[in-house]
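This report concerns only the one structure given below.
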Amino acid sequence: MLQSSNLSTTNLLGIKDLTPQDINLIFSWTKQFKEVINRPIKKVPSLRDITIANLFFENSTRTRLSFELAEKRLSADVINFSASSSSLNKGESLVDTVNNILAMQVDFIVLRHPEPGAAKFISQRVNAQIINAGDGTHEHPTQALLDAFSIQEKFKDLKNKRIVIVGDILHSRVAISNIFCLQKLGAQVALCAPLSLLPRNIHSLGVEVITNINEALEWADVANILRVQHERMDKSYFPSIREYQLRYGITMERLETLNNIPLIMHPGPINRGVEISSEVADSKYSLILNQVENGVAVRMAVLYLLASQGHNS
Amino acid sequence: MLPKIFLNSRESNITLNRICCQLNEKHYPWNNSVIVGLQPRGVELANVILKRLKNDFLINDIPFGLLDSTFHRDDFRRRKQPIIAKPNKMPILIEGKRLILVDDVLYTGRSVRAALDALGDYGRPLKIELCVLIDRRFSRELPIQPDYSGHRVDAIADERVTLDWSDNDSPEVLIENPPHASEL
């Protein structure tokens, strides 16, 4: 008998909606797609009858390119939209913009938007499958999936593995999605950041807070380092970049004082010399380029599994 | 209802021997031929063919790969659930080779069509031949025929033809009837 299985959802709005079985199903497909993208011909025809609109209402390089590449590797037709060159500037509403795009018979929307909840809002109002590619400070599910997959590749199993997320948690959708994803897979998650960059009531998510960076790194098997998001900061959250770098920056000198050096991850874009030094980013401890490669495979898996749902529902 | 035994291990042993003789006759001295087992159920048969060619005909080191055609299937989004992909292991060059594609049962021909499409990702073989143990000859939906076939079976559409590999080298070929309404 051929084994088969489906996701429990037809949209990917956030990790919160996924079950651990969903995540493991996505990972098992990710392994297959990783093999595909390492073939001499990296393209398969599975999504040849599907049109995908990448709607990016906020700047993005990595995620947009990664989605676009994943879509093209699966042979989907792709249209790209960026807010800066659109009729949004002429006063059109989000729903009208999206509905106009859907009138062109689009099956999937990959949505990046600065407002938390934008993906859910759109999913309730339009007749297409939605993948959230980041909504404000809420969730960034595919980033969390690729981070967890990259860790699982190294450790086989995430159960009881210790992952510390370091940096600007307050403005980070990656942190929230990572916490949900890692916890669903049985990992222990801690956060390390200046108190001004931690959301209130973060303890309610069942995470530990370690304010001393050296203690946090010593505790962890993996450290996921986040960027300081200056563009989302409406006031000053710490005295200076230099002070942040001295107290929370990951440098080789800091790592060398540890008994066990954790693996280092970063979702990008990297501010070299601020949250992480160039030496660490390019070191043998870094999984940063693995994350980028896995990003395409994870997104192919998500698109493939959701596409297989759409036709039947 | 118990499945009907179409071929027992002794009979399939004789059939496999004949298929290997035919393959050897056509491909000897095997200097430009490769064998590819189609995932998931052609793999066992391909392994047995390789083993027999080695033990009975002293043909060693035939280049061998495993091909999965899931992503090239034409029924994606038309099935209730997606078929789970199996690993592709194609550590061989197929460009300019005489390639023998091995599967257990040839039914509608759609898996083989997908496999032909998937092989294109790895190069352009000189020739592709199809080798199956069972040919369900009246069930084809595409114009695909085997070059080497063990037996032809006239099973009706609802019946399942399966291979039981409990005896590792010669399978039993079983025909399962569709369940009666009272059994559902």
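Every chain in the structure tokens takes a letter, A first, then B, and so on in the order presented; its residues are numbered from 1, and the ligands are numbered from 1 following the presented order.
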Worksheet entry | All strand (DSSP E or B) positions in range 27-65 of chain B, as a ChimeraX atom specification | /B:33-38,64-65
Practice prompt. May I ask you to extract the residues of chain B within 7 Å of chain A, using only C-alpha atoms, and to give them as a list in words?
Written response: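 That gives the following set of residues: Phe71, His72, Phe76, Arg77, Arg78, Lys80, Gln81, Pro82, Ile83, Ile84, Ala85, Pro87, Asp121 and Tyr122 of chain B.
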Practice prompt. Give the alpha helix (DSSP H) residues of range 20-153 of chain A, as assigned by DSSP on the backbone, as a PyMOL selection string.
Written response: chain A and resi 20-36+62-73+94-102+118-123+141-153
Discussion item. Quick one: residues within 9 Å of range 141-143 of chain B, only C-alpha atoms, excluding same-chain residues fewer than 4 positions away - as a list in words?
Written reply: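 Counting only C-alpha atoms, the residues come to Tyr107, Thr108, Gly109, Arg110 and Arg113 of chain B.
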Write out, as a PDB file, in the first residue's frame, the residues just selected, with C-alpha atoms.
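result.pdb, written as the output of this step:
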ATOM      1  CA  TYR B 107      -1.239  -1.652 -14.871  1.00  0.00           C
ATOM      2  CA  THR B 108      -2.495   1.641 -16.344  1.00  0.00           C
ATOM      3  CA  GLY B 109       0.953   2.711 -17.554  1.00  0.00           C
ATOM      4  CA  ARG B 110       0.759   6.037 -15.714  1.00  0.00           C
ATOM      5  CA  ARG B 113       4.890   7.519 -18.062  1.00  0.00           C
TER       6      ARG B 113
END
Practice prompt. One decimal, Å: what's the distance from CA of Ala216 in chain A over to CA of Asp282 in chain A, could you say?
Written response: 21.2 Å
Fill in: A:Pro267, A:Gly167, A:Pro262, A:Gly273 ranked by distance to Trp219 in chain A, top pick (using only C-alpha atoms)
A:Pro262
Worksheet item: Just how far from CA of Leu205 in chain A is CA of Ala187 in chain A, in Å to one decimal?
Response: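 Those two atoms sit 13.2 Å apart.
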Item to complete: Please identify all polymer residues within 10 Å of Asn60 in chain B, counting only C-alpha atoms, omitting same-chain residues fewer than 3 positions from it, and present them as a list in words.
Response: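 Returned residues: Trp30, Leu50, Lys51, Leu53, Lys54, Asn55, Phe57 and Pro63 of chain B.
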